[in-house]
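Just below is one structure, and these are the notes that go with it.
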Amino acid sequence: MAKKTRLMTGEAASVPISSMIDIVFLLIIFFIVTATLDKDMQDESVLLADAPNGRPVVKQDPRTITINLRMDGSMTVGGRAMTGAQLTALLEDVKRTSPDPLSIPIVIRGDRQVQYYYGAKVLDAIKKTGLYKVSLAGLQE
Amino acid sequence: MARKETTKLNPPPDASFPLSSMIDVVFLLLIFFLVTQKPVTEEVMINVELPAPDMSTVAADPLIPITIDVDKYSRDNIDEIDARLAALSDRDDPNEVLKDERLYYSFNGSAPMEVSRLRERLAAVAAADANSTIIIKCDPNVKYRKLIRVLDLCSELGLNSRQLVDKVKPFIPDPPPRRGQR
């Protein structure tokens, strides 16, 4: 008799809300952290050129080296400013230390307004090291 | 009667937090972050190949050089064009300013031509052999955008070939055709 009364009160039917909140907060923190990690490689001040027929990035190699080329011709790699000589040194380092250096993709994110003079300097630095898997980034509307 | 009043004034203590409304807010936050994380415009890639120092690896392929050059008008007015571009806000379309900037493309050593003509010539190349190697030589004075435009043109026409990017010494092209020929 007592058992029946307890069933009717419906106490046990409530959703475990507090544990659900735990999971939701975990999800939020996960997304915040991964979003900021992504942005580390990309310089926000670079406005890419339009390339409506480019190939969308399906799955990016985690080893990708992203070189940002700003409007004023300055370069950043992974959030650090670099000169042409420093970039060459970095690429040489990568080439020496990684097991399969020629398959490492290099992405150049050049601002649409930057003069090709600066782009050519980046390409020259890459060319010197012998790495050749180069792509140029553009924007698709 | 008096007893009922007392009950109303002192309801049973309800210490529970308003959890369901809190979950609503949290889900809203979650959806906000999911949506804002995805950029509005998608970043795409155009693969290029850099010329080998001795060019021996590409010697077997027919090479089709395209030269991108800035004409004398743009070269003389590059500061003015830059200033107008710098004055634009993010929402303005830079092409509105740049339509004055006349740029010429030279195809396989031909006289400078507009991008629409270049497109026709490239389409003919693509129809003949989609695997032909194309060398793009770019004037250092040219904006990076122009290089991307030619590369984009190549991928639009289905030229799945290797595109080599190189720089060329600037030269003054032939006198540009009159405006309105575009």
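Going by the structure tokens order, chains are called A, B, ..., each with residues numbered from 1, while ligands are numbered from 1 in the order shown.
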
Tell me the residues of chain A close to chain B, meaning within 8 Å using only C-alpha atoms, as a PyMOL selection string.
-> chain A and resi 17-18+21+24-25+27-28+31-32+35+49-57+107+110-120+123+127+132-141

Next, write the just-selected residues to a file, as a compact mmCIF listing (two decimals), in the first residue's frame, keeping N, CA and C atoms as the atom set.
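What ended up in out.txt:
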```txt
# COMPACT_ATOMS: atom_id res chain seq x y z
N ILE A 17 18.38 16.84 -13.80
CA ILE A 17 18.74 18.10 -14.45
C ILE A 17 20.16 18.55 -14.11
N SER A 18 20.57 18.36 -12.87
CA SER A 18 21.88 18.91 -12.49
C SER A 18 23.01 18.20 -13.23
N ILE A 21 23.17 19.56 -16.75
CA ILE A 21 23.85 20.85 -16.82
C ILE A 21 25.35 20.65 -16.84
N VAL A 24 26.30 19.85 -20.35
CA VAL A 24 26.16 21.00 -21.24
C VAL A 24 27.30 21.98 -21.04
N PHE A 25 27.68 22.22 -19.80
CA PHE A 25 28.81 23.11 -19.55
C PHE A 25 30.10 22.55 -20.12
N LEU A 27 30.33 20.67 -22.74
CA LEU A 27 30.25 20.89 -24.18
C LEU A 27 30.64 22.32 -24.52
N ILE A 28 30.11 23.26 -23.75
CA ILE A 28 30.41 24.68 -24.01
C ILE A 28 31.90 24.94 -23.90
N PHE A 31 33.80 23.59 -26.89
CA PHE A 31 33.70 24.39 -28.11
C PHE A 31 34.49 25.68 -28.00
N ILE A 32 34.47 26.29 -26.81
CA ILE A 32 35.23 27.54 -26.65
C ILE A 32 36.71 27.27 -26.85
N ALA A 35 37.61 26.42 -30.51
CA ALA A 35 37.47 27.58 -31.39
C ALA A 35 38.68 28.48 -31.27
N ALA A 49 41.57 37.26 -50.73
CA ALA A 49 40.99 37.58 -52.04
C ALA A 49 39.87 36.60 -52.36
N ASP A 50 38.96 37.04 -53.21
CA ASP A 50 37.85 36.16 -53.60
C ASP A 50 38.34 35.11 -54.58
N ALA A 51 37.97 33.89 -54.31
CA ALA A 51 38.30 32.79 -55.22
C ALA A 51 37.10 31.85 -55.25
N PRO A 52 36.06 32.19 -56.04
CA PRO A 52 34.83 31.39 -56.00
C PRO A 52 35.01 29.95 -56.47
N ASN A 53 36.07 29.66 -57.20
CA ASN A 53 36.24 28.30 -57.73
C ASN A 53 37.33 27.51 -57.03
N GLY A 54 37.74 27.99 -55.88
CA GLY A 54 38.77 27.26 -55.15
C GLY A 54 38.25 25.95 -54.58
N ARG A 55 39.18 25.17 -54.10
CA ARG A 55 38.83 23.87 -53.54
C ARG A 55 38.61 24.02 -52.03
N PRO A 56 37.42 23.66 -51.56
CA PRO A 56 37.18 23.79 -50.11
C PRO A 56 38.07 22.84 -49.32
N VAL A 57 38.43 23.28 -48.12
CA VAL A 57 39.29 22.45 -47.28
C VAL A 57 38.41 21.39 -46.63
N VAL A 107 50.23 26.67 -46.41
CA VAL A 107 49.14 27.52 -46.87
C VAL A 107 49.58 28.97 -46.73
N GLY A 110 47.31 35.30 -48.04
CA GLY A 110 47.74 36.65 -48.40
C GLY A 110 46.57 37.61 -48.44
N ASP A 111 46.79 38.79 -47.93
CA ASP A 111 45.76 39.82 -47.99
C ASP A 111 45.54 40.22 -49.45
N ARG A 112 44.30 40.58 -49.77
CA ARG A 112 44.00 40.92 -51.16
C ARG A 112 44.71 42.20 -51.61
N GLN A 113 45.07 43.04 -50.65
CA GLN A 113 45.67 44.32 -51.03
C GLN A 113 47.19 44.30 -51.05
N VAL A 114 47.77 43.22 -50.54
CA VAL A 114 49.23 43.23 -50.44
C VAL A 114 49.82 43.12 -51.85
N GLN A 115 50.96 43.77 -52.04
CA GLN A 115 51.56 43.70 -53.36
C GLN A 115 52.24 42.36 -53.54
N TYR A 116 52.26 41.90 -54.78
CA TYR A 116 52.82 40.58 -55.05
C TYR A 116 54.30 40.51 -54.69
N TYR A 117 54.93 41.66 -54.63
CA TYR A 117 56.33 41.74 -54.21
C TYR A 117 56.56 40.95 -52.92
N TYR A 118 55.66 41.13 -51.95
CA TYR A 118 55.81 40.45 -50.66
C TYR A 118 55.45 38.97 -50.77
N GLY A 119 54.44 38.69 -51.60
CA GLY A 119 54.07 37.29 -51.84
C GLY A 119 55.21 36.53 -52.47
N ALA A 120 55.91 37.19 -53.39
CA ALA A 120 57.03 36.55 -54.07
C ALA A 120 58.15 36.25 -53.08
N LEU A 123 57.17 33.10 -51.34
CA LEU A 123 57.35 31.97 -52.25
C LEU A 123 58.83 31.64 -52.43
N LYS A 127 60.63 28.22 -51.72
CA LYS A 127 61.32 27.58 -52.83
C LYS A 127 62.74 27.19 -52.41
N TYR A 132 57.27 21.88 -51.58
CA TYR A 132 56.53 22.31 -52.76
C TYR A 132 55.01 22.15 -52.65
N LYS A 133 54.53 21.63 -51.54
CA LYS A 133 53.07 21.46 -51.43
C LYS A 133 52.45 22.77 -50.96
N VAL A 134 52.34 23.69 -51.86
CA VAL A 134 51.93 25.04 -51.49
C VAL A 134 50.50 25.28 -51.98
N SER A 135 49.67 25.87 -51.15
CA SER A 135 48.37 26.35 -51.62
C SER A 135 48.18 27.78 -51.19
N LEU A 136 47.44 28.50 -52.00
CA LEU A 136 47.11 29.88 -51.68
C LEU A 136 45.66 29.90 -51.22
N ALA A 137 45.39 30.64 -50.17
CA ALA A 137 44.04 30.67 -49.63
C ALA A 137 43.24 31.79 -50.26
N GLY A 138 41.95 31.51 -50.46
CA GLY A 138 41.03 32.53 -50.96
C GLY A 138 39.71 32.41 -50.22
N LEU A 139 38.79 33.27 -50.56
CA LEU A 139 37.49 33.25 -49.89
C LEU A 139 36.41 32.86 -50.89
N GLN A 140 35.49 32.01 -50.40
CA GLN A 140 34.33 31.67 -51.22
C GLN A 140 33.13 32.32 -50.57
N GLU A 141 32.33 33.01 -51.38
CA GLU A 141 31.18 33.74 -50.81
C GLU A 141 30.21 32.78 -50.15
```

Any idea what the distance is between atom CA of A:Asp100 and atom CA of A:Thr83?
-> 25.3 Å

Could you jot down the atom CA of A:Asp43 to atom CA of B:Ile135 separation for me, Å, one decimal place?
-> 28.9 Å

Backbone-only DSSP, strand (DSSP E) members of chain A, as an MDAnalysis selection string = chainID A and resid 55:56 65:69 75:77 80:82 106:110 134:140

Mind the document's chain letters and residue numbers, and return as a PyMOL selection string the residues of chain A that DSSP labels helix (DSSP H, G or I).
-> chain A and resi 2-9+11-13+17-41+84-97+101-103+116-129

In Å to one decimal, how far is atom CA of B:Ala130 from atom CA of B:Val115?
-> 19.4 Å

7 Å contact set for stretch 88-94 of chain A, only C-alpha atoms, chain neighbours under 3 positions out, as a VMD selection string = chain A and resid 84 to 85 97 to 98 125 to 126 129

If you count only C-alpha atoms, which residues fall within 6 Å of A:Arg70, apart from same-chain ones fewer than 3 positions away, as a ChimeraX atom specification?
-> /A:46,73-74,111

Next, write the just-selected residues to a file, as a tab-separated table (two decimals), in the first residue's frame, keeping N, CA and C atoms as the atom set.
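Listing of result.tsv after writing:
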```
chain	number	residue	atom	x	y	z
A	46	VAL	N	43.91	39.68	-41.83
A	46	VAL	CA	44.11	39.39	-43.25
A	46	VAL	C	42.76	39.20	-43.93
A	73	GLY	N	52.59	43.88	-45.78
A	73	GLY	CA	53.71	43.04	-46.19
A	73	GLY	C	54.35	42.27	-45.07
A	74	SER	N	53.89	42.47	-43.81
A	74	SER	CA	54.49	41.72	-42.70
A	74	SER	C	53.90	40.32	-42.64
A	111	ASP	N	46.79	38.79	-47.93
A	111	ASP	CA	45.76	39.82	-47.99
A	111	ASP	C	45.54	40.22	-49.45
```
